[in-house]
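*Asks:* As input, take model30.txt (compact mmCIF, C-alpha atoms and all ligand atoms):
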# COMPACT_ATOMS: atom_id res chain seq x y z
CA MET A 201 -2.16 -2.21 46.85
CA LYS A 202 -4.03 -5.13 48.29
CA ILE A 203 -4.81 -8.23 46.21
CA LEU A 204 -8.22 -9.71 47.00
CA LYS A 205 -9.17 -13.27 46.06
CA ASN A 206 -12.26 -14.60 44.23
CA ILE A 207 -14.03 -11.30 43.77
CA SER A 208 -17.34 -11.06 41.89
CA LEU A 209 -17.14 -8.78 38.83
CA LYS A 210 -20.91 -8.51 38.38
CA ALA A 211 -21.04 -4.93 39.66
CA TYR A 212 -18.01 -3.99 37.56
CA ASN A 213 -19.28 -4.82 34.06
CA THR A 214 -22.30 -3.12 32.47
CA PHE A 215 -23.41 -6.41 30.86
CA ASN A 216 -23.98 -7.57 34.48
CA ILE A 217 -22.34 -10.91 33.80
CA ASP A 218 -21.87 -12.84 37.02
CA VAL A 219 -18.24 -13.98 36.98
CA LYS A 220 -15.34 -13.96 39.43
CA ALA A 221 -11.74 -12.78 39.21
CA SER A 222 -9.22 -15.02 40.94
CA ASP A 223 -7.21 -11.89 41.93
CA TYR A 224 -8.44 -8.31 42.16
CA ALA A 225 -6.85 -4.99 43.14
CA GLU A 226 -7.84 -1.34 42.98
CA ALA A 227 -5.46 1.44 41.98
CA ASN A 228 -6.36 4.73 43.69
CA ASP A 229 -2.95 6.29 43.79
CA LEU A 230 -0.32 6.66 41.06
CA THR A 231 2.79 6.06 43.21
CA GLU A 232 1.20 3.00 44.78
CA LEU A 233 0.37 1.60 41.33
CA VAL A 234 3.87 2.26 39.97
CA ASN A 235 5.44 0.52 43.00
CA PHE A 236 3.03 -2.39 42.64
CA VAL A 237 4.06 -2.89 39.00
CA LYS A 238 7.78 -2.45 39.80
CA GLU A 239 7.50 -5.07 42.55
CA GLY A 240 6.59 -7.50 39.75
CA HIS A 241 2.99 -8.31 40.71
CA LEU A 242 1.95 -8.27 37.02
CA ARG A 243 4.85 -10.29 35.67
CA ASP A 244 3.86 -13.53 33.90
CA LYS A 245 0.24 -13.00 34.93
CA ASN A 246 -2.95 -12.80 32.95
CA VAL A 247 -3.80 -9.13 33.65
CA LEU A 248 -6.92 -7.13 32.87
CA ILE A 249 -7.10 -3.37 33.40
CA LEU A 250 -10.69 -2.49 34.13
CA GLY A 251 -12.32 0.92 33.84
CA GLY A 252 -16.11 1.08 33.98
CA GLY A 253 -16.50 -2.35 32.35
CA SER A 254 -18.81 -0.87 29.69
CA ASN A 255 -17.02 -2.31 26.67
CA ILE A 256 -16.33 -5.77 28.01
CA LEU A 257 -17.97 -9.18 27.84
CA PHE A 258 -16.77 -11.84 30.27
CA SER A 259 -17.13 -15.29 28.72
CA GLY A 260 -16.31 -17.00 32.03
CA ASP A 261 -14.44 -16.47 35.30
CA PHE A 262 -11.24 -14.45 34.90
CA ASP A 263 -8.24 -16.50 35.94
CA GLY A 264 -5.74 -13.73 36.61
CA LEU A 265 -5.36 -10.28 38.11
CA VAL A 266 -7.97 -7.59 37.49
CA ILE A 267 -6.77 -4.07 38.31
CA ARG A 268 -9.53 -1.52 38.55
CA ASN A 269 -8.13 1.88 37.67
CA ARG A 270 -9.56 4.60 39.93
CA ILE A 271 -6.95 7.35 39.62
CA GLU A 272 -8.86 10.63 39.84
CA GLY A 273 -8.20 14.31 39.10
CA ILE A 274 -8.99 16.94 36.46
CA GLU A 275 -6.59 19.85 35.98
CA VAL A 276 -5.86 22.60 33.48
CA LYS A 277 -2.26 22.21 32.32
CA GLU A 278 -2.08 25.23 30.02
CA GLN A 279 -4.39 27.85 28.67
CA GLY A 280 -4.29 30.44 25.96
CA VAL A 281 -6.83 32.89 24.61
CA ASP A 282 -8.71 30.24 22.59
CA MET A 283 -7.39 26.89 23.73
CA VAL A 284 -7.10 24.99 26.97
CA LEU A 285 -5.16 21.81 27.73
CA VAL A 286 -7.08 19.66 30.20
CA LYS A 287 -5.54 16.60 31.86
CA ALA A 288 -7.74 13.98 33.53
CA GLY A 289 -6.87 10.88 35.55
CA ALA A 290 -7.71 7.52 33.99
CA GLY A 291 -10.22 6.74 36.74
CA VAL A 292 -12.32 9.85 36.17
CA VAL A 293 -15.78 8.97 34.84
CA TRP A 294 -15.78 10.10 31.20
CA ASP A 295 -19.21 11.73 31.46
CA ASP A 296 -18.08 13.71 34.55
CA LEU A 297 -15.20 15.09 32.47
CA VAL A 298 -17.62 16.08 29.68
CA HIS A 299 -19.85 17.94 32.16
CA HIS A 300 -16.86 19.57 33.85
CA CYS A 301 -15.73 20.87 30.44
CA ILE A 302 -19.20 22.10 29.46
CA ASP A 303 -19.53 23.89 32.83
CA HIS A 304 -16.17 25.62 32.31
CA GLY A 305 -16.90 26.54 28.68
CA TYR A 306 -14.31 24.15 27.20
CA GLY A 307 -15.68 22.89 23.89
CA GLY A 308 -14.93 19.81 21.81
CA ILE A 309 -16.29 16.80 23.70
CA GLU A 310 -19.95 17.81 24.19
CA ASN A 311 -21.06 15.36 21.44
CA LEU A 312 -19.46 12.58 23.51
CA VAL A 313 -21.71 13.18 26.51
CA LEU A 314 -23.24 10.16 28.30
CA ILE A 315 -20.76 7.62 26.93
CA PRO A 316 -20.28 5.28 29.89
CA GLY A 317 -16.87 4.35 31.23
CA SER A 318 -13.61 5.93 32.28
CA VAL A 319 -11.27 8.53 30.83
CA GLY A 320 -8.51 5.88 30.77
CA ALA A 321 -10.44 3.71 28.33
CA SER A 322 -11.41 6.57 26.02
CA PRO A 323 -8.32 6.25 23.79
CA ILE A 324 -8.52 2.44 23.61
CA GLN A 325 -11.22 2.44 20.96
CA ASN A 326 -11.00 6.17 20.16
CA ILE A 327 -14.53 6.67 21.49
CA GLY A 328 -16.87 8.37 19.09
CA ALA A 329 -20.45 9.47 18.72
CA TYR A 330 -22.56 11.98 16.85
CA GLY A 331 -19.83 12.98 14.40
CA VAL A 332 -16.99 13.49 16.91
CA GLU A 333 -14.17 11.16 17.94
CA LEU A 334 -11.71 11.41 20.82
CA LYS A 335 -8.85 11.84 18.32
CA ASP A 336 -10.33 15.20 17.24
CA VAL A 337 -9.33 16.74 20.61
CA PHE A 338 -6.70 14.30 21.84
CA HIS A 339 -3.34 15.80 22.83
CA SER A 340 -1.42 13.03 24.64
CA LEU A 341 -1.61 10.35 27.29
CA GLU A 342 0.62 8.93 29.97
CA ALA A 343 0.88 5.18 30.37
CA LEU A 344 2.66 2.70 32.59
CA ASP A 345 4.57 -0.18 31.01
CA VAL A 346 3.21 -3.31 32.74
CA ASN A 347 6.58 -5.07 32.50
CA SER A 348 9.10 -2.40 33.43
CA GLY A 349 6.95 -0.03 35.50
CA ASP A 350 8.27 2.88 33.39
CA ILE A 351 5.93 5.74 32.52
CA ARG A 352 5.90 7.04 28.95
CA SER A 353 3.95 9.59 27.02
CA PHE A 354 2.10 8.89 23.75
CA GLY A 355 1.27 11.64 21.25
CA LYS A 356 -1.61 11.44 18.81
CA GLU A 357 0.39 9.81 15.98
CA GLU A 358 1.76 7.13 18.31
CA CYS A 359 -1.76 6.07 19.33
CA VAL A 360 -2.59 5.21 15.68
CA PHE A 361 -6.23 6.16 16.12
CA ALA A 362 -8.73 4.84 13.59
CA TYR A 363 -12.47 4.16 13.53
CA ARG A 364 -13.18 2.68 17.02
CA ASP A 365 -9.58 1.58 17.12
CA SER A 366 -6.07 2.43 18.36
CA ILE A 367 -2.70 0.81 18.90
CA PHE A 368 -3.93 -0.20 22.40
CA LYS A 369 -6.43 -2.62 20.84
CA LYS A 370 -3.71 -4.07 18.60
CA GLU A 371 0.08 -4.32 19.03
CA LEU A 372 0.04 -2.77 22.52
CA LYS A 373 -3.04 -4.58 23.84
CA GLY A 374 -2.52 -5.30 27.55
CA LYS A 375 1.00 -3.83 27.52
CA TYR A 376 0.27 -0.43 29.09
CA ILE A 377 -1.93 0.94 31.84
CA ILE A 378 -3.21 4.34 30.77
CA LEU A 379 -2.79 6.74 33.69
CA SER A 380 -4.08 10.05 32.32
CA VAL A 381 -5.35 11.63 29.12
CA SER A 382 -4.81 15.25 28.02
CA LEU A 383 -7.23 16.97 25.66
CA LEU A 384 -6.83 20.19 23.72
CA LEU A 385 -10.17 21.96 23.97
CA SER A 386 -11.50 25.26 22.68
CA ARG A 387 -12.74 28.20 24.72
CA ASP A 388 -14.51 29.55 21.66
CA HIS A 389 -15.93 26.40 20.19
CA ASP A 390 -18.14 26.14 17.16
CA PRO A 391 -19.99 22.88 17.97
CA ASP A 392 -20.32 20.13 15.37
CA ILE A 393 -24.02 19.69 14.66
CA SER A 394 -23.61 17.96 11.30
CA TYR A 395 -25.06 14.66 12.56
CA GLY A 396 -28.70 14.78 11.46
CA ALA A 397 -30.29 13.71 14.73
CA ILE A 398 -28.68 16.64 16.62
CA LEU A 399 -30.15 19.26 14.31
CA ASP A 400 -33.61 17.69 14.60
CA GLU A 401 -33.33 17.63 18.39
CA LEU A 402 -32.14 21.26 18.59
CA LYS A 403 -35.05 22.28 16.40
CA ALA A 404 -37.46 20.46 18.72
CA MET A 405 -35.80 22.24 21.68
CA GLY A 406 -36.36 25.57 19.91
CA VAL A 407 -32.62 26.36 19.78
CA ASP A 408 -31.27 27.90 16.59
CA ARG A 409 -27.82 29.12 17.75
CA PRO A 410 -26.56 26.29 19.95
CA GLY A 411 -23.55 26.50 22.20
CA ILE A 412 -21.75 23.51 23.70
CA ARG A 413 -24.28 23.21 26.56
CA GLU A 414 -27.27 22.98 24.21
CA VAL A 415 -25.49 20.43 22.00
CA GLY A 416 -24.70 18.36 25.09
CA GLU A 417 -28.35 18.55 26.14
CA ALA A 418 -29.56 17.57 22.67
CA VAL A 419 -27.26 14.52 22.52
CA THR A 420 -28.26 13.54 26.07
CA ALA A 421 -31.95 13.63 25.14
CA ILE A 422 -31.43 11.53 21.98
CA ARG A 423 -29.31 8.95 23.80
CA GLN A 424 -31.72 8.64 26.73
CA ARG A 425 -34.58 7.92 24.34
CA LYS A 426 -32.77 5.42 22.18
CA LEU A 427 -30.21 3.51 24.21
CA PRO A 428 -30.81 1.08 27.06
CA ASP A 429 -29.53 2.34 30.41
CA PRO A 430 -27.06 -0.27 31.74
CA GLU A 431 -28.45 0.43 35.23
CA GLU A 432 -31.74 -1.07 34.02
CA VAL A 433 -30.68 -3.64 31.44
CA GLY A 434 -27.21 -5.11 31.05
CA ASN A 435 -25.45 -4.16 27.81
CA ALA A 436 -22.14 -2.85 26.46
CA GLY A 437 -23.43 -0.43 23.81
CA SER A 438 -22.77 -1.34 20.18
CA PHE A 439 -21.75 -4.96 20.08
CA PHE A 440 -20.34 -4.82 16.53
CA LYS A 441 -18.50 -2.12 14.58
CA ASN A 442 -20.19 -0.56 11.58
CA PRO A 443 -18.52 -2.22 8.57
CA VAL A 444 -16.65 -0.05 6.11
CA ILE A 445 -16.79 -1.54 2.59
CA THR A 446 -15.59 -0.81 -0.94
CA GLU A 447 -17.78 1.15 -3.39
CA LYS A 448 -18.03 -2.00 -5.52
CA LYS A 449 -19.40 -4.07 -2.66
CA TYR A 450 -21.70 -1.19 -1.70
CA HIS A 451 -23.24 -1.10 -5.21
CA GLU A 452 -23.72 -4.89 -5.22
CA ILE A 453 -25.75 -4.73 -2.01
CA ARG A 454 -27.51 -1.53 -3.02
CA ASN A 455 -28.91 -3.31 -6.09
CA ARG A 456 -30.77 -5.65 -3.76
CA TYR A 457 -31.51 -3.06 -1.05
CA PRO A 458 -32.14 0.34 -2.70
CA ASP A 459 -33.04 1.87 0.69
CA MET A 460 -29.82 0.84 2.39
CA PRO A 461 -28.45 3.74 4.51
CA SER A 462 -24.77 4.56 4.00
CA TYR A 463 -22.18 7.15 5.04
CA LYS A 464 -18.79 8.21 3.78
CA GLY A 465 -16.01 6.24 5.45
CA ALA A 466 -12.25 6.91 5.42
CA LEU A 467 -10.14 6.31 2.28
CA GLY A 468 -13.07 6.42 -0.15
CA LEU A 469 -14.81 3.52 1.58
CA VAL A 470 -18.49 3.39 2.52
CA LYS A 471 -19.79 2.87 6.08
CA ILE A 472 -22.97 0.82 6.45
CA PRO A 473 -24.84 0.82 9.79
CA ALA A 474 -24.46 -2.71 11.20
CA GLY A 475 -27.69 -2.20 13.16
CA TRP A 476 -29.60 -1.82 9.89
CA MET A 477 -28.13 -5.08 8.53
CA ILE A 478 -29.03 -6.95 11.72
CA GLU A 479 -32.55 -5.56 11.43
CA GLN A 480 -32.85 -6.78 7.80
CA CYS A 481 -31.95 -10.26 9.09
CA ALA A 482 -34.99 -10.00 11.41
CA TRP A 483 -32.96 -10.09 14.62
CA LYS A 484 -34.21 -6.82 16.13
CA GLY A 485 -36.01 -7.55 19.43
CA GLN A 486 -35.27 -11.31 19.21
CA THR A 487 -34.30 -13.35 22.26
CA LEU A 488 -31.99 -16.36 22.47
CA GLY A 489 -31.87 -17.91 25.94
CA ASN A 490 -31.18 -15.06 28.36
CA ALA A 491 -29.62 -12.78 25.75
CA ALA A 492 -31.51 -10.54 23.34
CA VAL A 493 -31.22 -7.95 20.60
CA HIS A 494 -32.42 -4.56 21.82
CA ASP A 495 -35.80 -3.59 20.36
CA ARG A 496 -34.86 0.05 19.61
CA GLN A 497 -31.27 -0.42 18.39
CA ALA A 498 -30.37 -3.79 16.86
CA LEU A 499 -26.65 -3.14 17.29
CA VAL A 500 -27.00 -3.45 21.05
CA LEU A 501 -27.18 -6.92 22.63
CA VAL A 502 -28.69 -7.10 26.10
CA ASN A 503 -28.69 -9.37 29.12
CA LYS A 504 -32.29 -10.28 29.93
CA GLY A 505 -31.33 -10.88 33.55
CA ASN A 506 -29.22 -13.96 34.11
CA ALA A 507 -27.33 -14.35 30.86
CA THR A 508 -23.87 -15.84 30.86
CA GLY A 509 -21.21 -14.39 28.60
CA LYS A 510 -21.36 -17.59 26.56
CA GLU A 511 -25.08 -17.05 25.90
CA VAL A 512 -24.41 -13.52 24.66
CA LEU A 513 -21.60 -14.84 22.45
CA ARG A 514 -23.90 -17.56 21.05
CA LEU A 515 -26.38 -14.86 20.03
CA ALA A 516 -23.58 -12.74 18.56
CA ARG A 517 -22.34 -15.69 16.47
CA ARG A 518 -25.84 -16.40 15.13
CA ILE A 519 -26.21 -12.75 14.14
CA LYS A 520 -22.80 -12.71 12.46
CA ALA A 521 -23.72 -15.82 10.45
CA SER A 522 -27.05 -14.31 9.32
CA VAL A 523 -25.41 -11.05 8.23
CA PHE A 524 -22.69 -12.93 6.39
CA ASP A 525 -25.24 -15.11 4.57
CA GLU A 526 -27.36 -12.13 3.57
CA PHE A 527 -24.73 -9.47 2.78
CA GLY A 528 -21.39 -11.31 2.52
CA ILE A 529 -20.04 -9.03 5.26
CA ASP A 530 -18.19 -10.36 8.28
CA LEU A 531 -19.15 -8.18 11.25
CA GLU A 532 -16.31 -7.39 13.64
CA MET A 533 -16.98 -7.28 17.38
CA GLU A 534 -16.45 -3.92 19.02
CA VAL A 535 -16.81 -5.29 22.55
CA ASN A 536 -13.69 -6.76 24.18
CA VAL A 537 -14.25 -10.41 25.09
CA TYR A 538 -12.33 -11.92 28.03
P1 LIG B 601 -13.75 -1.05 30.05
O1 LIG B 601 -14.95 -1.71 29.49
O2 LIG B 601 -13.47 -1.19 31.49
O3 LIG B 601 -12.46 -1.53 29.22
C1 LIG B 601 -12.49 -1.56 27.82
C2 LIG B 601 -11.09 -1.96 27.31
O4 LIG B 601 -10.16 -0.94 27.65
C3 LIG B 601 -10.55 -3.24 27.97
O5 LIG B 601 -9.78 -3.93 27.03
C4 LIG B 601 -9.68 -2.72 29.11
O6 LIG B 601 -8.66 -3.60 29.48
C5 LIG B 601 -9.12 -1.46 28.49
N1 LIG B 601 -8.82 -0.41 29.49
C6 LIG B 601 -9.73 0.22 30.28
N2 LIG B 601 -9.10 1.15 31.02
C7 LIG B 601 -7.79 1.08 30.72
C8 LIG B 601 -6.63 1.77 31.16
N3 LIG B 601 -6.67 2.74 32.09
N4 LIG B 601 -5.43 1.42 30.62
C9 LIG B 601 -5.34 0.45 29.70
N5 LIG B 601 -6.40 -0.25 29.24
C10 LIG B 601 -7.61 0.07 29.74
N6 LIG B 601 -18.45 3.75 22.93
C11 LIG B 601 -18.25 4.71 21.99
O7 LIG B 601 -17.15 4.81 21.41
N7 LIG B 601 -19.25 5.58 21.65
C12 LIG B 601 -20.47 5.53 22.23
O8 LIG B 601 -21.34 6.35 21.91
C13 LIG B 601 -20.71 4.53 23.22
N8 LIG B 601 -21.92 4.41 23.80
C14 LIG B 601 -22.16 3.43 24.72
C15 LIG B 601 -23.43 3.33 25.29
C16 LIG B 601 -23.69 2.35 26.24
C17 LIG B 601 -25.06 2.26 26.83
C18 LIG B 601 -22.66 1.47 26.64
C19 LIG B 601 -22.91 0.45 27.70
C20 LIG B 601 -21.40 1.55 26.06
C21 LIG B 601 -21.13 2.53 25.08
N9 LIG B 601 -19.87 2.66 24.47
C22 LIG B 601 -19.65 3.65 23.53
C23 LIG B 601 -18.79 1.72 24.80
C24 LIG B 601 -17.95 2.15 26.05
O9 LIG B 601 -18.70 3.00 26.88
C25 LIG B 601 -16.66 2.84 25.68
O10 LIG B 601 -15.87 2.01 24.86
C26 LIG B 601 -15.83 3.24 26.91
O11 LIG B 601 -14.71 3.99 26.53
C27 LIG B 601 -15.38 2.04 27.74
O12 LIG B 601 -14.86 2.55 28.95
P2 LIG B 601 -14.68 1.62 30.23
O13 LIG B 601 -13.93 2.41 31.24
O14 LIG B 601 -15.98 1.09 30.66
O15 LIG B 601 -13.75 0.50 29.63
P1 LIG B 602 -27.92 6.15 14.42
O1 LIG B 602 -28.05 7.63 14.58
O2 LIG B 602 -29.14 5.30 14.40
O3 LIG B 602 -27.08 5.83 13.11
C1 LIG B 602 -26.69 4.51 12.79
C2 LIG B 602 -25.24 4.50 12.36
O4 LIG B 602 -25.12 5.28 11.18
C3 LIG B 602 -24.35 5.13 13.39
O5 LIG B 602 -23.71 4.11 14.10
C4 LIG B 602 -23.43 6.07 12.64
O6 LIG B 602 -22.10 5.64 12.55
C5 LIG B 602 -24.02 6.14 11.24
N1 LIG B 602 -24.46 7.54 11.02
C6 LIG B 602 -25.68 8.05 11.22
N2 LIG B 602 -25.71 9.36 10.88
C7 LIG B 602 -24.48 9.66 10.45
C8 LIG B 602 -23.86 10.83 9.95
N3 LIG B 602 -24.54 11.96 9.80
N4 LIG B 602 -22.56 10.78 9.61
C9 LIG B 602 -21.86 9.65 9.75
N5 LIG B 602 -22.39 8.49 10.22
C10 LIG B 602 -23.66 8.50 10.55
O7 LIG B 602 -26.94 5.60 15.56
P2 LIG B 602 -27.19 5.33 17.09
O8 LIG B 602 -27.04 3.89 17.36
O9 LIG B 602 -28.39 6.05 17.60
O10 LIG B 602 -25.90 6.01 17.71
C11 LIG B 602 -25.72 7.39 17.65
C12 LIG B 602 -24.25 7.72 17.84
O11 LIG B 602 -23.81 7.24 19.12
C13 LIG B 602 -23.36 7.05 16.80
O12 LIG B 602 -22.31 7.93 16.48
C14 LIG B 602 -22.85 5.83 17.51
O13 LIG B 602 -21.55 5.43 17.06
C15 LIG B 602 -22.78 6.28 18.96
N6 LIG B 602 -23.02 5.14 19.85
C16 LIG B 602 -21.99 4.25 20.00
C17 LIG B 602 -22.13 3.17 20.83
C18 LIG B 602 -20.98 2.23 21.06
O14 LIG B 602 -21.05 1.41 21.95
N7 LIG B 602 -19.93 2.33 20.29
C19 LIG B 602 -23.33 2.96 21.50
C20 LIG B 602 -24.35 3.86 21.29
C21 LIG B 602 -24.19 4.95 20.46
P3 LIG B 602 -21.02 5.95 13.70
O15 LIG B 602 -21.24 4.89 14.71
O16 LIG B 602 -19.76 5.79 12.96
O17 LIG B 602 -21.22 7.32 14.22
Please render this file's structure as structure tokens.
Ligand code: FAD
Ligand code: NAP
*Replies:*
Amino acid sequence: MKILKNISLKAYNTFNIDVKASDYAEANDLTELVNFVKEGHLRDKNVLILGGGSNILFSGDFDGLVIRNRIEGIEVKEQGVDMVLVKAGAGVVWDDLVHHCIDHGYGGIENLVLIPGSVGASPIQNIGAYGVELKDVFHSLEALDVNSGDIRSFGKEECVFAYRDSIFKKELKGKYIILSVSLLLSRDHDPDISYGAILDELKAMGVDRPGIREVGEAVTAIRQRKLPDPEEVGNAGSFFKNPVITEKKYHEIRNRYPDMPSYKGALGLVKIPAGWMIEQCAWKGQTLGNAAVHDRQALVLVNKGNATGKEVLRLARRIKASVFDEFGIDLEMEVNVY
């Protein structure tokens, strides 16, 4: 693998932040990558593994080695009457995998259509949308230890998946390069259409017995209407996580905001849409310097053209402070800041 110097990362992050990496390399081949790690190129270095750059905010130039993971390949490892085990390389575009599975009749990830980024990043925050999370179909992954160059496999329990979270965002952050992900999908899938917006969309499409293709089309239509396309305006999707609060806290806020939307969270907690809170603080559609809050979804921060990462962070901090003052809730960033 060749190390390039002073490479612009603007085309490699969906926020379109114009920064440089002091060292940059692309991994297209597994053996090459393993040898590169074993030769010690990552030792004692500030290393960033980059997929599609759609969940990243660069706050300045990256002084270290960026490795862009481009390992391709989708294969069926095993199949039974109902189930199929599909393995995909970390560099496969996640949405390509979703379409591949829909085309082959493998159900389980159709609700996750049009999520930008790579297969390799999908376990990092246990990607989720429209009532489905990666963990619902996850089987295992293979990862490369950045220190030893050894490859190990992680089962579902070992990934410690939680709401937009996994062990790879915590204890093992930066310690492994995910090489491939295997999913256990269904050949006779009963799609999950419990998320209100999907049902409404299917109704509008005139579909009353949807299969995985129709659900994928419904989610695609909703997302295209509501979310900014990173090709047109720089963004990294939801900037903050939806907070999950105690029932007591929920009732306190509900007394002041009787119309507050809420959903059941894990462990008896209550999930409140962070976008709604940001909207109550009058941030929706607001601009600060070259950064702004999207005018259709307040949870998404956007680059108006020439924003620096610091400008986006300044806006994020102002929003966090407003939400804390109004609701007493400390929003947690979902985007990874480097
Ligand atoms: P990157 O941004 O490149 O990396 C993210 C993190 O993962 C970094 O810390 C990076 O170091 C690490 N990483 C990446 N690849 C590897 C690897 N192979 N091994 C080890 N570490 C790695 N997310 C959702 O969950 N649901 C959504 O519905 C959703 N919608 C979005 C909509 C838009 C318009 C945008 C811009 C983003 C959205 N996201 C959503 C966020 C994002 O698409 C996902 O988090 C996605 O999985 C990030 O993939 P990536 O390849 O771009 O990761
Ligand atoms: P939305 O439908 O306006 O709803 C706002 C929030 O309320 C969502 O974030 C969702 O939480 C929650 N919600 C709504 N209906 C729900 C239900 N029936 N059951 C449980 N929770 C419900 O949200 P949106 O912004 O248009 O996004 C739609 C979906 O795409 C969401 O699942 C969202 O997470 C996902 N998405 C994620 C990103 C990202 O970057 N992470 C970006 C865009 C969209 P959840 O987020 O927990 O689902």
*Asks:* Give me, as a list in words, all polymer residues having an atom no more than 7 Å from Asn435 of chain A, counting only C-alpha atoms and skipping those fewer than 5 positions away in the same chain.
*Replies:*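 In the requested form, the answer reads Thr214, Phe215, Pro430, Val500, Leu501, Val502 and Asn503 of chain A.
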*Asks:* Using only C-alpha atoms for the distances, tell me which of A:Gly317, A:Gly411, A:Pro473, A:Gly489 is nearest to Ile256 of chain A.
*Replies:* A:Gly317
*Asks:* What does the structure give for the distance between atom CA of Glu371 of chain A and atom CA of Pro323 of chain A, in Å to one decimal?
*Replies:*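 Result for atom CA of Glu371 of chain A versus atom CA of Pro323 of chain A: 14.3 Å, one decimal.
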*Asks:* Got a sec: who's within 8 Å of Gly505 of chain A, counting all atoms listed in the file, leaving out chain neighbours fewer than 4 positions off, as a list in words?
*Replies:* Val433, Gly434 and Asn490 of chain A
*Asks:* Please extract the residues at most 7 Å from ligand LIG 601 (chain B), counting all atoms listed in the file, and provide them as a PyMOL selection string, using the chain letters and residue numbers of this document.
*Replies:* chain A and resi 214+248-256+269+290+312+315-322+324-329+364+374+376-379+427-430+435-438+536
*Asks:* Out of A:Ala516, A:Val444, A:Cys301, A:Leu399, which residue has the shortest atom-to-atom distance to Ile478 of chain A when counting all atoms listed in the file?
*Replies:* A:Ala516
*Asks:* Could you check which of A:Lys484, A:Arg517, A:Lys504, A:Lys464 is closest to ligand LIG 602 (chain B), using only C-alpha atoms and all ligand atoms?
*Replies:*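 Closest residue, counting only C-alpha atoms and all ligand atoms: A:Lys464.
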*Asks:* Hey, which of A:Cys359, A:Val332, A:Val470, A:Ile529 ends up closest to Lys373 of chain A? Count only C-alpha atoms.
*Replies:*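 Of the candidates, the smallest distance to Lys373 of chain A is held by A:Cys359.
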*Asks:* Taking the point (-3.1, 21.0, 26.7) as given in the file, collect each protein or nucleic acid residue that comes within 12 Å of it, counting only C-alpha atoms, and present the set as a count of residues only.
*Replies:* 26
*Asks:* Closest to Leu467 of chain A among A:Thr446, A:Ser208, A:Asn455, A:Asn216, using only C-alpha atoms?
*Replies:*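 For Leu467 of chain A, the nearest of the given residues is A:Thr446.
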*Asks:* Using only C-alpha atoms and all ligand atoms, which of A:Pro443, A:Gly308, A:Pro391, A:Gly264 sits nearest ligand LIG 602 (chain B)?
*Replies:*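 Closest to ligand LIG 602 (chain B), using only C-alpha atoms and all ligand atoms: A:Pro443.
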*Asks:* Mind giving me the straight-line distance from atom CA of Glu534 of chain A to atom O14 of ligand LIG 602 (chain B) in Å, one decimal?
*Replies:*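 Between atom CA of Glu534 of chain A and atom O14 of ligand LIG 602 (chain B) the gap works out to 7.6 Å.
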*Asks:* What does the distance between atom CA of Ser366 of chain A and atom CA of Lys335 of chain A come to in Å, to one decimal place?
*Replies:* 9.8 Å
*Asks:* Counting all atoms listed in the file, what is within 8 Å of Asp530 of chain A, bar same-chain residues fewer than 4 positions away, as a short mmCIF file (atom, residue, chain, number, x, y, z; two decimals) with C-alpha atoms, in the frame of the given file?
*Replies:*
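Saved the output as out_15.cif:
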data_model
loop_
_atom_site.label_atom_id
_atom_site.label_comp_id
_atom_site.auth_asym_id
_atom_site.auth_seq_id
_atom_site.Cartn_x
_atom_site.Cartn_y
_atom_site.Cartn_z
CA LYS A 520 -22.80 -12.71 12.46
CA VAL A 523 -25.41 -11.05 8.23
CA PHE A 524 -22.69 -12.93 6.39
#
*Asks:* Could you pull the residues within 7 Å of Ser222 of chain A, counting all atoms listed in the file, minus those fewer than 3 positions along the same chain, as a PDB file with C-alpha atoms, in the frame of the given file?
*Replies:*
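Below is the file that was written, selection.pdb:
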ATOM      1  CA  LYS A 205      -9.170 -13.270  46.060  1.00  0.00           C
ATOM      2  CA  ASN A 206     -12.260 -14.600  44.230  1.00  0.00           C
ATOM      3  CA  ILE A 207     -14.030 -11.300  43.770  1.00  0.00           C
ATOM      4  CA  PHE A 262     -11.240 -14.450  34.900  1.00  0.00           C
ATOM      5  CA  ASP A 263      -8.240 -16.500  35.940  1.00  0.00           C
ATOM      6  CA  GLY A 264      -5.740 -13.730  36.610  1.00  0.00           C
ATOM      7  CA  LEU A 265      -5.360 -10.280  38.110  1.00  0.00           C
TER       8      LEU A 265
END
*Asks:* Would you list the residues near (-28.7, -9.0, -0.9), meaning any protein, DNA or RNA residue with an atom at most 6 Å from that point in file coordinates, counting all atoms listed in the file, as a list in words?
*Replies:*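 Those residues lying close to the given coordinates are Ile453, Arg456, Glu526 and Phe527 of chain A.
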*Asks:* Just the residues within 6 Å of Glu342 of chain A, please, counting only C-alpha atoms, with nothing from its chain fewer than 5 positions along; format it as a ChimeraX atom specification.
*Replies:* /A:352-353,379-380
